[in-house]
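Enquirer: For reference, the file input.cif (mmCIF, C-alpha atoms; chains and numbers go by the auth columns) is included below:
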data_start
loop_
_atom_site.group_PDB
_atom_site.id
_atom_site.type_symbol
_atom_site.label_atom_id
_atom_site.label_comp_id
_atom_site.label_asym_id
_atom_site.label_seq_id
_atom_site.Cartn_x
_atom_site.Cartn_y
_atom_site.Cartn_z
_atom_site.B_iso_or_equiv
_atom_site.auth_seq_id
_atom_site.auth_asym_id
ATOM 1 C CA MET A 1 -16.470 -1.061 17.084 0.00 1 A
ATOM 2 C CA THR A 2 -13.715 -3.132 18.710 0.00 2 A
ATOM 3 C CA ARG A 3 -11.705 -5.233 16.268 0.00 3 A
ATOM 4 C CA LYS A 4 -11.520 -8.923 17.047 0.00 4 A
ATOM 5 C CA ALA A 5 -7.966 -9.995 17.930 0.00 5 A
ATOM 6 C CA LEU A 6 -6.846 -13.044 15.945 0.00 6 A
ATOM 7 C CA LEU A 7 -3.780 -15.167 16.521 0.00 7 A
ATOM 8 C CA MET A 8 -0.769 -14.262 14.383 0.00 8 A
ATOM 9 C CA GLU A 9 1.249 -17.308 13.375 0.00 9 A
ATOM 10 C CA PHE A 10 4.660 -17.297 11.672 0.00 10 A
ATOM 11 C CA PHE A 11 5.217 -20.470 9.658 0.00 11 A
ATOM 12 C CA SER A 12 8.439 -19.890 7.684 0.00 12 A
ATOM 13 C CA GLN A 13 11.585 -17.768 7.908 0.00 13 A
ATOM 14 C CA THR A 14 14.514 -17.150 5.574 0.00 14 A
ATOM 15 C CA THR A 15 17.447 -14.730 5.686 0.00 15 A
ATOM 16 C CA SER A 16 19.205 -13.275 2.646 0.00 16 A
ATOM 17 C CA ASP A 17 21.319 -10.140 2.095 0.00 17 A
ATOM 18 C CA ASP A 18 20.720 -8.907 5.654 0.00 18 A
ATOM 19 C CA VAL A 19 16.935 -9.206 5.354 0.00 19 A
ATOM 20 C CA ILE A 20 14.843 -11.637 7.410 0.00 20 A
ATOM 21 C CA GLU A 21 11.658 -12.680 5.615 0.00 21 A
ATOM 22 C CA ARG A 22 8.896 -14.220 7.732 0.00 22 A
ATOM 23 C CA SER A 23 5.634 -15.543 6.340 0.00 23 A
ATOM 24 C CA PHE A 24 2.601 -15.350 8.607 0.00 24 A
ATOM 25 C CA THR A 25 -1.126 -15.735 8.817 0.00 25 A
ATOM 26 C CA ILE A 26 -3.666 -13.870 10.952 0.00 26 A
ATOM 27 C CA GLY A 27 -6.698 -16.091 10.827 0.00 27 A
ATOM 28 C CA ASP A 28 -6.931 -16.817 7.099 0.00 28 A
ATOM 29 C CA LEU A 29 -5.145 -13.598 6.062 0.00 29 A
ATOM 30 C CA PRO A 30 -1.683 -14.295 4.544 0.00 30 A
ATOM 31 C CA GLY A 31 1.212 -11.871 4.843 0.00 31 A
ATOM 32 C CA VAL A 32 4.968 -11.444 4.843 0.00 32 A
ATOM 33 C CA LEU A 33 7.196 -9.402 7.151 0.00 33 A
ATOM 34 C CA TRP A 34 10.679 -8.230 6.163 0.00 34 A
ATOM 35 C CA SER A 35 13.025 -7.208 8.994 0.00 35 A
ATOM 36 C CA PRO A 36 16.657 -6.175 9.503 0.00 36 A
ATOM 37 C CA ALA A 37 18.953 -9.120 10.244 0.00 37 A
ATOM 38 C CA GLY A 38 21.060 -8.788 13.364 0.00 38 A
ATOM 39 C CA SER A 39 19.204 -5.807 14.808 0.00 39 A
ATOM 40 C CA THR A 40 18.264 -5.881 18.494 0.00 40 A
ATOM 41 C CA ASP A 41 16.578 -2.481 18.819 0.00 41 A
ATOM 42 C CA PRO A 42 12.861 -2.050 18.007 0.00 42 A
ATOM 43 C CA ALA A 43 12.315 -0.399 14.622 0.00 43 A
ATOM 44 C CA PRO A 44 9.299 1.324 13.036 0.00 44 A
ATOM 45 C CA LEU A 45 7.039 -0.258 10.469 0.00 45 A
ATOM 46 C CA VAL A 46 6.031 0.475 6.865 0.00 46 A
ATOM 47 C CA LEU A 47 2.869 -1.090 5.435 0.00 47 A
ATOM 48 C CA MET A 48 3.246 -1.989 1.756 0.00 48 A
ATOM 49 C CA GLY A 49 0.157 -2.274 -0.423 0.00 49 A
ATOM 50 C CA HIS A 50 0.457 -4.055 -3.767 0.00 50 A
ATOM 51 C CA PRO A 51 -1.069 -2.798 -7.035 0.00 51 A
ATOM 52 C CA GLY A 52 -4.230 -4.340 -8.441 0.00 52 A
ATOM 53 C CA GLY A 53 -3.674 -7.715 -10.039 0.00 53 A
ATOM 54 C CA LEU A 54 -0.436 -8.377 -8.132 0.00 54 A
ATOM 55 C CA HIS A 55 0.311 -9.848 -4.705 0.00 55 A
ATOM 56 C CA LYS A 56 2.381 -9.460 -1.560 0.00 56 A
ATOM 57 C CA ARG A 57 5.533 -11.031 -3.059 0.00 57 A
ATOM 58 C CA ALA A 58 5.548 -9.317 -6.450 0.00 58 A
ATOM 59 C CA VAL A 59 9.116 -8.614 -7.596 0.00 59 A
ATOM 60 C CA GLY A 60 8.847 -4.871 -7.141 0.00 60 A
ATOM 61 C CA MET A 61 7.367 -5.282 -3.674 0.00 61 A
ATOM 62 C CA VAL A 62 10.247 -7.469 -2.512 0.00 62 A
ATOM 63 C CA ALA A 63 12.825 -5.055 -3.924 0.00 63 A
ATOM 64 C CA ARG A 64 11.256 -2.025 -2.239 0.00 64 A
ATOM 65 C CA ALA A 65 10.926 -3.894 1.045 0.00 65 A
ATOM 66 C CA ALA A 66 14.615 -4.824 0.937 0.00 66 A
ATOM 67 C CA HIS A 67 15.514 -1.168 0.342 0.00 67 A
ATOM 68 C CA LEU A 68 13.413 -0.001 3.296 0.00 68 A
ATOM 69 C CA VAL A 69 14.972 -2.635 5.537 0.00 69 A
ATOM 70 C CA THR A 70 18.646 -2.418 4.557 0.00 70 A
ATOM 71 C CA VAL A 71 18.960 1.332 3.973 0.00 71 A
ATOM 72 C CA TYR A 72 16.698 2.698 6.722 0.00 72 A
ATOM 73 C CA GLY A 73 16.244 -0.164 9.189 0.00 73 A
ATOM 74 C CA PHE A 74 12.457 -0.341 8.832 0.00 74 A
ATOM 75 C CA HIS A 75 10.321 -3.428 9.149 0.00 75 A
ATOM 76 C CA ALA A 76 8.142 -3.768 6.038 0.00 76 A
ATOM 77 C CA VAL A 77 4.952 -5.808 5.785 0.00 77 A
ATOM 78 C CA ALA A 78 2.640 -6.802 2.948 0.00 78 A
ATOM 79 C CA ILE A 79 -0.631 -8.712 2.900 0.00 79 A
ATOM 80 C CA ASP A 80 -2.652 -10.007 -0.026 0.00 80 A
ATOM 81 C CA ALA A 81 -5.626 -7.779 -0.804 0.00 81 A
ATOM 82 C CA PRO A 82 -9.007 -9.537 -1.072 0.00 82 A
ATOM 83 C CA GLY A 83 -9.091 -11.727 -4.178 0.00 83 A
ATOM 84 C CA HIS A 84 -5.346 -11.399 -4.800 0.00 84 A
ATOM 85 C CA GLY A 85 -2.348 -13.646 -4.303 0.00 85 A
ATOM 86 C CA ASP A 86 -3.187 -16.606 -2.082 0.00 86 A
ATOM 87 C CA ARG A 87 -6.774 -15.415 -1.540 0.00 87 A
ATOM 88 C CA ALA A 88 -9.625 -16.745 -3.646 0.00 88 A
ATOM 89 C CA ARG A 89 -11.540 -14.255 -5.788 0.00 89 A
ATOM 90 C CA SER A 90 -15.249 -13.929 -5.002 0.00 90 A
ATOM 91 C CA ALA A 91 -17.871 -14.264 -7.725 0.00 91 A
ATOM 92 C CA ALA A 92 -18.587 -10.538 -7.545 0.00 92 A
ATOM 93 C CA ASP A 93 -14.895 -9.684 -7.869 0.00 93 A
ATOM 94 C CA ALA A 94 -14.579 -12.076 -10.813 0.00 94 A
ATOM 95 C CA ASP A 95 -17.429 -10.240 -12.550 0.00 95 A
ATOM 96 C CA TRP A 96 -15.637 -6.905 -12.056 0.00 96 A
ATOM 97 C CA VAL A 97 -12.413 -8.327 -13.487 0.00 97 A
ATOM 98 C CA ASP A 98 -14.284 -9.731 -16.493 0.00 98 A
ATOM 99 C CA GLU A 99 -15.873 -6.342 -17.094 0.00 99 A
ATOM 100 C CA MET A 100 -12.485 -4.588 -16.906 0.00 100 A
ATOM 101 C CA GLN A 101 -10.980 -7.038 -19.389 0.00 101 A
ATOM 102 C CA ARG A 102 -13.930 -6.586 -21.745 0.00 102 A
ATOM 103 C CA ALA A 103 -13.667 -2.793 -21.572 0.00 103 A
ATOM 104 C CA ARG A 104 -9.909 -2.867 -22.073 0.00 104 A
ATOM 105 C CA LYS A 105 -10.250 -5.117 -25.120 0.00 105 A
ATOM 106 C CA ALA A 106 -12.934 -2.844 -26.562 0.00 106 A
ATOM 107 C CA GLY A 107 -10.847 0.271 -25.941 0.00 107 A
ATOM 108 C CA GLU A 108 -13.429 1.716 -23.563 0.00 108 A
ATOM 109 C CA PRO A 109 -12.620 3.909 -20.531 0.00 109 A
ATOM 110 C CA LEU A 110 -11.803 1.908 -17.417 0.00 110 A
ATOM 111 C CA GLY A 111 -12.015 4.592 -14.757 0.00 111 A
ATOM 112 C CA ALA A 112 -15.550 4.035 -13.487 0.00 112 A
ATOM 113 C CA ILE A 113 -15.200 0.238 -13.399 0.00 113 A
ATOM 114 C CA VAL A 114 -11.809 0.278 -11.673 0.00 114 A
ATOM 115 C CA ALA A 115 -12.873 2.930 -9.171 0.00 115 A
ATOM 116 C CA GLU A 116 -15.933 0.925 -8.117 0.00 116 A
ATOM 117 C CA PHE A 117 -13.936 -2.309 -7.896 0.00 117 A
ATOM 118 C CA ASN A 118 -11.068 -0.720 -5.943 0.00 118 A
ATOM 119 C CA ALA A 119 -13.456 0.960 -3.514 0.00 119 A
ATOM 120 C CA SER A 120 -15.053 -2.397 -2.783 0.00 120 A
ATOM 121 C CA ILE A 121 -11.690 -4.054 -2.170 0.00 121 A
ATOM 122 C CA ALA A 122 -10.516 -1.146 -0.018 0.00 122 A
ATOM 123 C CA GLU A 123 -13.606 -1.335 2.173 0.00 123 A
ATOM 124 C CA ARG A 124 -12.643 -4.927 2.989 0.00 124 A
ATOM 125 C CA ALA A 125 -8.890 -4.342 3.133 0.00 125 A
ATOM 126 C CA VAL A 126 -8.800 -1.448 5.615 0.00 126 A
ATOM 127 C CA PRO A 127 -9.921 -3.485 8.663 0.00 127 A
ATOM 128 C CA GLU A 128 -7.517 -6.249 7.597 0.00 128 A
ATOM 129 C CA TRP A 129 -4.630 -3.789 7.605 0.00 129 A
ATOM 130 C CA GLN A 130 -5.691 -2.502 11.009 0.00 130 A
ATOM 131 C CA MET A 131 -5.841 -6.071 12.313 0.00 131 A
ATOM 132 C CA THR A 132 -2.365 -6.708 10.893 0.00 132 A
ATOM 133 C CA LEU A 133 -1.015 -3.561 12.501 0.00 133 A
ATOM 134 C CA ASP A 134 -2.592 -4.480 15.836 0.00 134 A
ATOM 135 C CA ALA A 135 -0.857 -7.863 15.735 0.00 135 A
ATOM 136 C CA LEU A 136 2.545 -6.607 14.596 0.00 136 A
ATOM 137 C CA GLN A 137 2.718 -3.874 17.205 0.00 137 A
ATOM 138 C CA THR A 138 2.688 -6.542 19.918 0.00 138 A
ATOM 139 C CA LEU A 139 6.017 -7.933 18.659 0.00 139 A
ATOM 140 C CA PRO A 140 9.086 -6.873 20.678 0.00 140 A
ATOM 141 C CA ASP A 141 11.119 -5.915 17.582 0.00 141 A
ATOM 142 C CA ILE A 142 8.447 -3.515 16.288 0.00 142 A
ATOM 143 C CA ASP A 143 8.606 0.022 17.690 0.00 143 A
ATOM 144 C CA ALA A 144 4.953 0.531 18.550 0.00 144 A
ATOM 145 C CA ASP A 145 5.602 4.036 19.908 0.00 145 A
ATOM 146 C CA ARG A 146 6.390 5.459 16.475 0.00 146 A
ATOM 147 C CA LEU A 147 3.975 6.342 13.721 0.00 147 A
ATOM 148 C CA VAL A 148 3.668 3.926 10.807 0.00 148 A
ATOM 149 C CA GLY A 149 4.317 4.484 7.098 0.00 149 A
ATOM 150 C CA TYR A 150 2.273 3.299 4.150 0.00 150 A
ATOM 151 C CA SER A 151 3.410 2.798 0.555 0.00 151 A
ATOM 152 C CA GLY A 152 1.592 1.718 -2.609 0.00 152 A
ATOM 153 C CA MET A 153 0.082 2.612 -5.965 0.00 153 A
ATOM 154 C CA THR A 154 -3.155 2.075 -7.936 0.00 154 A
ATOM 155 C CA LEU A 155 -5.336 -0.247 -5.816 0.00 155 A
ATOM 156 C CA ALA A 156 -3.003 0.333 -2.865 0.00 156 A
ATOM 157 C CA THR A 157 -3.588 4.073 -3.157 0.00 157 A
ATOM 158 C CA GLU A 158 -7.332 3.593 -2.757 0.00 158 A
ATOM 159 C CA ILE A 159 -6.679 1.406 0.288 0.00 159 A
ATOM 160 C CA GLY A 160 -4.036 3.783 1.629 0.00 160 A
ATOM 161 C CA PHE A 161 -6.171 6.910 1.598 0.00 161 A
ATOM 162 C CA ARG A 162 -9.022 5.101 3.320 0.00 162 A
ATOM 163 C CA LEU A 163 -6.664 3.555 5.876 0.00 163 A
ATOM 164 C CA MET A 164 -5.111 6.926 6.657 0.00 164 A
ATOM 165 C CA LEU A 165 -8.547 8.393 7.258 0.00 165 A
ATOM 166 C CA ALA A 166 -9.531 5.484 9.506 0.00 166 A
ATOM 167 C CA ASP A 167 -6.328 5.035 11.532 0.00 167 A
ATOM 168 C CA PRO A 168 -4.267 7.833 13.118 0.00 168 A
ATOM 169 C CA ARG A 169 -1.264 5.526 13.462 0.00 169 A
ATOM 170 C CA ILE A 170 -0.399 6.150 9.795 0.00 170 A
ATOM 171 C CA GLY A 171 2.041 9.052 9.937 0.00 171 A
ATOM 172 C CA ALA A 172 3.101 9.418 6.285 0.00 172 A
ATOM 173 C CA ALA A 173 2.377 7.767 2.957 0.00 173 A
ATOM 174 C CA GLY A 174 3.822 7.403 -0.513 0.00 174 A
ATOM 175 C CA LEU A 175 0.915 6.906 -2.939 0.00 175 A
ATOM 176 C CA GLY A 176 0.070 7.408 -6.597 0.00 176 A
ATOM 177 C CA ALA A 177 -1.521 6.428 -9.911 0.00 177 A
ATOM 178 C CA ALA A 178 -5.184 6.041 -8.970 0.00 178 A
ATOM 179 C CA PHE A 179 -8.475 6.955 -10.628 0.00 179 A
ATOM 180 C CA ALA A 180 -9.925 10.080 -8.997 0.00 180 A
ATOM 181 C CA SER A 181 -13.467 9.004 -8.295 0.00 181 A
ATOM 182 C CA GLU A 182 -15.656 11.394 -6.324 0.00 182 A
ATOM 183 C CA GLY A 183 -15.660 8.928 -3.454 0.00 183 A
ATOM 184 C CA LEU A 184 -11.875 8.697 -3.284 0.00 184 A
ATOM 185 C CA MET A 185 -11.427 12.462 -3.580 0.00 185 A
ATOM 186 C CA GLU A 186 -13.807 12.949 -0.661 0.00 186 A
ATOM 187 C CA VAL A 187 -11.702 10.522 1.386 0.00 187 A
ATOM 188 C CA ALA A 188 -8.486 12.295 0.321 0.00 188 A
ATOM 189 C CA ARG A 189 -9.869 15.634 1.535 0.00 189 A
ATOM 190 C CA GLY A 190 -9.973 14.204 5.052 0.00 190 A
ATOM 191 C CA VAL A 191 -6.345 13.024 5.046 0.00 191 A
ATOM 192 C CA THR A 192 -3.993 15.216 7.090 0.00 192 A
ATOM 193 C CA ALA A 193 -0.741 13.209 7.328 0.00 193 A
ATOM 194 C CA PRO A 194 2.089 14.030 4.882 0.00 194 A
ATOM 195 C CA VAL A 195 1.699 12.453 1.418 0.00 195 A
ATOM 196 C CA GLN A 196 4.090 12.078 -1.498 0.00 196 A
ATOM 197 C CA PHE A 197 2.095 11.361 -4.658 0.00 197 A
ATOM 198 C CA LEU A 198 3.492 9.807 -7.854 0.00 198 A
ATOM 199 C CA LEU A 199 1.873 10.643 -11.187 0.00 199 A
ATOM 200 C CA PRO A 200 2.704 8.668 -14.357 0.00 200 A
ATOM 201 C CA TRP A 201 2.595 11.266 -17.126 0.00 201 A
ATOM 202 C CA ASP A 202 2.096 8.910 -20.073 0.00 202 A
ATOM 203 C CA ASP A 203 -0.296 6.299 -18.723 0.00 203 A
ATOM 204 C CA LEU A 204 -2.798 4.949 -21.230 0.00 204 A
ATOM 205 C CA GLU A 205 -5.455 4.167 -18.600 0.00 205 A
ATOM 206 C CA ILE A 206 -5.002 6.688 -15.759 0.00 206 A
ATOM 207 C CA ASP A 207 -5.152 10.161 -17.285 0.00 207 A
ATOM 208 C CA ARG A 208 -3.039 13.036 -16.006 0.00 208 A
ATOM 209 C CA GLU A 209 -6.032 15.198 -15.135 0.00 209 A
ATOM 210 C CA SER A 210 -7.420 12.491 -12.862 0.00 210 A
ATOM 211 C CA GLY A 211 -4.128 12.180 -10.985 0.00 211 A
ATOM 212 C CA ILE A 212 -3.711 15.924 -10.612 0.00 212 A
ATOM 213 C CA ALA A 213 -7.277 16.283 -9.343 0.00 213 A
ATOM 214 C CA LEU A 214 -6.706 13.582 -6.742 0.00 214 A
ATOM 215 C CA TRP A 215 -3.475 15.167 -5.544 0.00 215 A
ATOM 216 C CA ASP A 216 -5.175 18.548 -5.356 0.00 216 A
ATOM 217 C CA ALA A 217 -7.940 17.048 -3.191 0.00 217 A
ATOM 218 C CA ILE A 218 -5.536 15.742 -0.525 0.00 218 A
ATOM 219 C CA GLY A 219 -6.177 17.642 2.691 0.00 219 A
ATOM 220 C CA SER A 220 -2.621 17.412 4.043 0.00 220 A
ATOM 221 C CA GLU A 221 -0.731 20.648 4.599 0.00 221 A
ATOM 222 C CA GLU A 222 2.414 18.805 3.543 0.00 222 A
ATOM 223 C CA LYS A 223 2.050 17.081 0.190 0.00 223 A
ATOM 224 C CA SER A 224 4.167 16.829 -2.927 0.00 224 A
ATOM 225 C CA LEU A 225 3.491 15.760 -6.503 0.00 225 A
ATOM 226 C CA HIS A 226 6.161 13.776 -8.343 0.00 226 A
ATOM 227 C CA VAL A 227 5.639 13.370 -12.095 0.00 227 A
ATOM 228 C CA PHE A 228 7.534 10.730 -14.058 0.00 228 A
ATOM 229 C CA PRO A 229 7.423 9.726 -17.736 0.00 229 A
ATOM 230 C CA GLY A 230 5.812 6.490 -18.845 0.00 230 A
ATOM 231 C CA PRO A 231 3.037 4.317 -17.385 0.00 231 A
ATOM 232 C CA HIS A 232 2.349 3.364 -13.785 0.00 232 A
ATOM 233 C CA GLN A 233 3.815 -0.108 -14.336 0.00 233 A
ATOM 234 C CA ARG A 234 7.320 1.371 -14.720 0.00 234 A
ATOM 235 C CA VAL A 235 8.099 3.542 -11.726 0.00 235 A
ATOM 236 C CA PRO A 236 11.700 4.788 -12.006 0.00 236 A
ATOM 237 C CA THR A 237 14.080 3.455 -9.373 0.00 237 A
ATOM 238 C CA TYR A 238 14.938 6.993 -8.283 0.00 238 A
ATOM 239 C CA GLU A 239 11.264 7.676 -7.499 0.00 239 A
ATOM 240 C CA ALA A 240 10.908 4.497 -5.438 0.00 240 A
ATOM 241 C CA GLU A 241 14.069 5.415 -3.524 0.00 241 A
ATOM 242 C CA ASP A 242 12.840 8.962 -2.968 0.00 242 A
ATOM 243 C CA SER A 243 9.540 7.641 -1.607 0.00 243 A
ATOM 244 C CA ALA A 244 11.493 5.548 0.896 0.00 244 A
ATOM 245 C CA ARG A 245 13.530 8.623 1.855 0.00 245 A
ATOM 246 C CA PHE A 246 10.310 10.590 2.316 0.00 246 A
ATOM 247 C CA LEU A 247 8.993 7.978 4.764 0.00 247 A
ATOM 248 C CA ALA A 248 12.283 7.886 6.632 0.00 248 A
ATOM 249 C CA ASN A 249 12.356 11.668 6.987 0.00 249 A
ATOM 250 C CA HIS A 250 8.936 11.611 8.665 0.00 250 A
ATOM 251 C CA LEU A 251 9.088 8.420 10.687 0.00 251 A
ATOM 252 C CA LEU A 252 12.696 8.254 11.880 0.00 252 A
ATOM 253 C CA ALA A 253 13.196 11.859 12.975 0.00 253 A
#
Take the structure in the file and give it back as structure tokens.
Expert:
Amino acid sequence: MTRKALLMEFFSQTTSDDVIERSFTIGDLPGVLWSPAGSTDPAPLVLMGHPGGLHKRAVGMVARAAHLVTVYGFHAVAIDAPGHGDRARSAADADWVDEMQRARKAGEPLGAIVAEFNASIAERAVPEWQMTLDALQTLPDIDADRLVGYSGMTLATEIGFRLMLADPRIGAAGLGAAFASEGLMEVARGVTAPVQFLLPWDDLEIDRESGIALWDAIGSEEKSLHVFPGPHQRVPTYEAEDSARFLANHLLA
């Protein structure tokens, strides 16, 4: 099925510390693009997915985007997932969130609820990412001849695996910390691009066995598993920097 092309409109721009930040919309989809200041040559693109419950301008997202831009010369882009950030939450999504909060308060396992919710969001988010990529690759400062990177954890991992399976333009991804549902593992088996996977060893909600099983299911010949102490909310700086280096090694060679 051919995707409908929608007009991409930039409506604000700021520059700070050698990073240009441009806010845009594609139809009613809001996003932000970070680019190198002063560069005249086209540069490749990294898609940045945000974790569940956060948004395109979360503090960690902005910091990682700045690192990708200033250290490696990438463009980095983020959009709000359905029901996140500047996008209204549907009634069905609100019910899922209420159920997660109830289960968390009761000390019940969250895996099945989160996996179902994330799969629903990912189904909607994948065509939005493809639409965003279509639009950005028409810009003269984006190198449309190079493969594209993807980076993200938790909800963004669910979206990332499904996007990689759907779109051959994704050439490498840094993912991690996701519930290994049967549906997501089946998707992961079909992924062939290089993947670096982060596993929080001491997470109270995403158990180690689930993360290891998901990594093991990835069909890529080139994949690596990075384990770090603590929960998924506290990814060490060295791991975030290594993920950026991993993308650069595959996309800038």
Enquirer: What separation in Å, quoted to one decimal, exists between atom CA of A:Val126 and atom CA of A:Leu163?
Expert: 5.4 Å
Enquirer: Mind giving me the straight-line distance from atom CA of A:Thr25 to atom CA of A:Met48 in Å, one decimal?
Expert: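 Here the two named atoms are 16.1 Å from each other.
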Enquirer: Taking 4 positions as the minimum chain separation for residues in the same chain, which residues sit within 12 Å of A:Ala94 when counting only C-alpha atoms? Answer as a compact mmCIF listing (two decimals) with C-alpha atoms, in the coordinates of the input.
Expert:
# COMPACT_ATOMS: atom_id res chain seq x y z
CA GLY A 53 -3.67 -7.72 -10.04
CA PRO A 82 -9.01 -9.54 -1.07
CA GLY A 83 -9.09 -11.73 -4.18
CA HIS A 84 -5.35 -11.40 -4.80
CA ALA A 88 -9.62 -16.74 -3.65
CA ARG A 89 -11.54 -14.26 -5.79
CA SER A 90 -15.25 -13.93 -5.00
CA ASP A 98 -14.28 -9.73 -16.49
CA GLU A 99 -15.87 -6.34 -17.09
CA MET A 100 -12.48 -4.59 -16.91
CA GLN A 101 -10.98 -7.04 -19.39
CA PHE A 117 -13.94 -2.31 -7.90
Enquirer: Applied to this file, what does the PyMOL selection byres ((chain A and resi 38) around 12) return in terms of residues, put as a PyMOL selection string?
Expert: chain A and resi 15-20+35-37+39-42+69-70+73+141
Enquirer: Please save C-alpha atoms of the selected residues as a PDB file, in the frame of the given file.
Expert:
ATOM      1  CA  THR A  15      17.447 -14.730   5.686  1.00  0.00           C
ATOM      2  CA  SER A  16      19.205 -13.275   2.646  1.00  0.00           C
ATOM      3  CA  ASP A  17      21.319 -10.140   2.095  1.00  0.00           C
ATOM      4  CA  ASP A  18      20.720  -8.907   5.654  1.00  0.00           C
ATOM      5  CA  VAL A  19      16.935  -9.206   5.354  1.00  0.00           C
ATOM      6  CA  ILE A  20      14.843 -11.637   7.410  1.00  0.00           C
ATOM      7  CA  SER A  35      13.025  -7.208   8.994  1.00  0.00           C
ATOM      8  CA  PRO A  36      16.657  -6.175   9.503  1.00  0.00           C
ATOM      9  CA  ALA A  37      18.953  -9.120  10.244  1.00  0.00           C
ATOM     10  CA  SER A  39      19.204  -5.807  14.808  1.00  0.00           C
ATOM     11  CA  THR A  40      18.264  -5.881  18.494  1.00  0.00           C
ATOM     12  CA  ASP A  41      16.578  -2.481  18.819  1.00  0.00           C
ATOM     13  CA  PRO A  42      12.861  -2.050  18.007  1.00  0.00           C
ATOM     14  CA  VAL A  69      14.972  -2.635   5.537  1.00  0.00           C
ATOM     15  CA  THR A  70      18.646  -2.418   4.557  1.00  0.00           C
ATOM     16  CA  GLY A  73      16.244  -0.164   9.189  1.00  0.00           C
ATOM     17  CA  ASP A 141      11.119  -5.915  17.582  1.00  0.00           C
TER      18      ASP A 141
END
Enquirer: Quick one: of A:Leu33, A:Ala177, A:Ala125, A:Ala112, who's nearest to A:Lys56, counting only C-alpha atoms?
Expert: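 Looking only at the distances to A:Lys56, the closest residue turns out to be A:Leu33.
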Enquirer: Using the incomplete input, complete stretch 135-146 of chain A to the level of N, CA and C atoms; output as a PDB file, keeping the file's coordinate frame.
Expert:
ATOM      1  N   ALA A 135      -1.642  -6.674  15.415  1.00  0.00           N
ATOM      2  CA  ALA A 135      -0.857  -7.863  15.735  1.00  0.00           C
ATOM      3  C   ALA A 135       0.643  -7.578  15.725  1.00  0.00           C
ATOM      4  N   LEU A 136       1.108  -6.858  14.707  1.00  0.00           N
ATOM      5  CA  LEU A 136       2.545  -6.607  14.596  1.00  0.00           C
ATOM      6  C   LEU A 136       3.063  -5.712  15.715  1.00  0.00           C
ATOM      7  N   GLN A 137       2.249  -4.790  16.165  1.00  0.00           N
ATOM      8  CA  GLN A 137       2.718  -3.874  17.205  1.00  0.00           C
ATOM      9  C   GLN A 137       2.836  -4.541  18.578  1.00  0.00           C
ATOM     10  N   THR A 138       2.444  -5.796  18.687  1.00  0.00           N
ATOM     11  CA  THR A 138       2.688  -6.542  19.918  1.00  0.00           C
ATOM     12  C   THR A 138       4.053  -7.230  19.905  1.00  0.00           C
ATOM     13  N   LEU A 139       4.720  -7.267  18.760  1.00  0.00           N
ATOM     14  CA  LEU A 139       6.017  -7.933  18.659  1.00  0.00           C
ATOM     15  C   LEU A 139       7.106  -7.058  19.277  1.00  0.00           C
ATOM     16  N   PRO A 140       8.056  -7.670  19.999  1.00  0.00           N
ATOM     17  CA  PRO A 140       9.086  -6.873  20.678  1.00  0.00           C
ATOM     18  C   PRO A 140      10.021  -6.133  19.740  1.00  0.00           C
ATOM     19  N   ASP A 141      10.192  -6.591  18.497  1.00  0.00           N
ATOM     20  CA  ASP A 141      11.119  -5.915  17.582  1.00  0.00           C
ATOM     21  C   ASP A 141      10.452  -4.814  16.766  1.00  0.00           C
ATOM     22  N   ILE A 142       9.152  -4.619  16.942  1.00  0.00           N
ATOM     23  CA  ILE A 142       8.447  -3.515  16.288  1.00  0.00           C
ATOM     24  C   ILE A 142       8.320  -2.351  17.268  1.00  0.00           C
ATOM     25  N   ASP A 143       8.720  -1.161  16.842  1.00  0.00           N
ATOM     26  CA  ASP A 143       8.606   0.022  17.690  1.00  0.00           C
ATOM     27  C   ASP A 143       7.179   0.557  17.598  1.00  0.00           C
ATOM     28  N   ALA A 144       6.368   0.164  18.561  1.00  0.00           N
ATOM     29  CA  ALA A 144       4.953   0.531  18.550  1.00  0.00           C
ATOM     30  C   ALA A 144       4.720   1.972  18.993  1.00  0.00           C
ATOM     31  N   ASP A 145       5.763   2.658  19.462  1.00  0.00           N
ATOM     32  CA  ASP A 145       5.602   4.036  19.908  1.00  0.00           C
ATOM     33  C   ASP A 145       5.754   5.042  18.769  1.00  0.00           C
ATOM     34  N   ARG A 146       6.214   4.570  17.626  1.00  0.00           N
ATOM     35  CA  ARG A 146       6.390   5.459  16.475  1.00  0.00           C
ATOM     36  C   ARG A 146       5.206   5.331  15.513  1.00  0.00           C
TER      37      ARG A 146
END
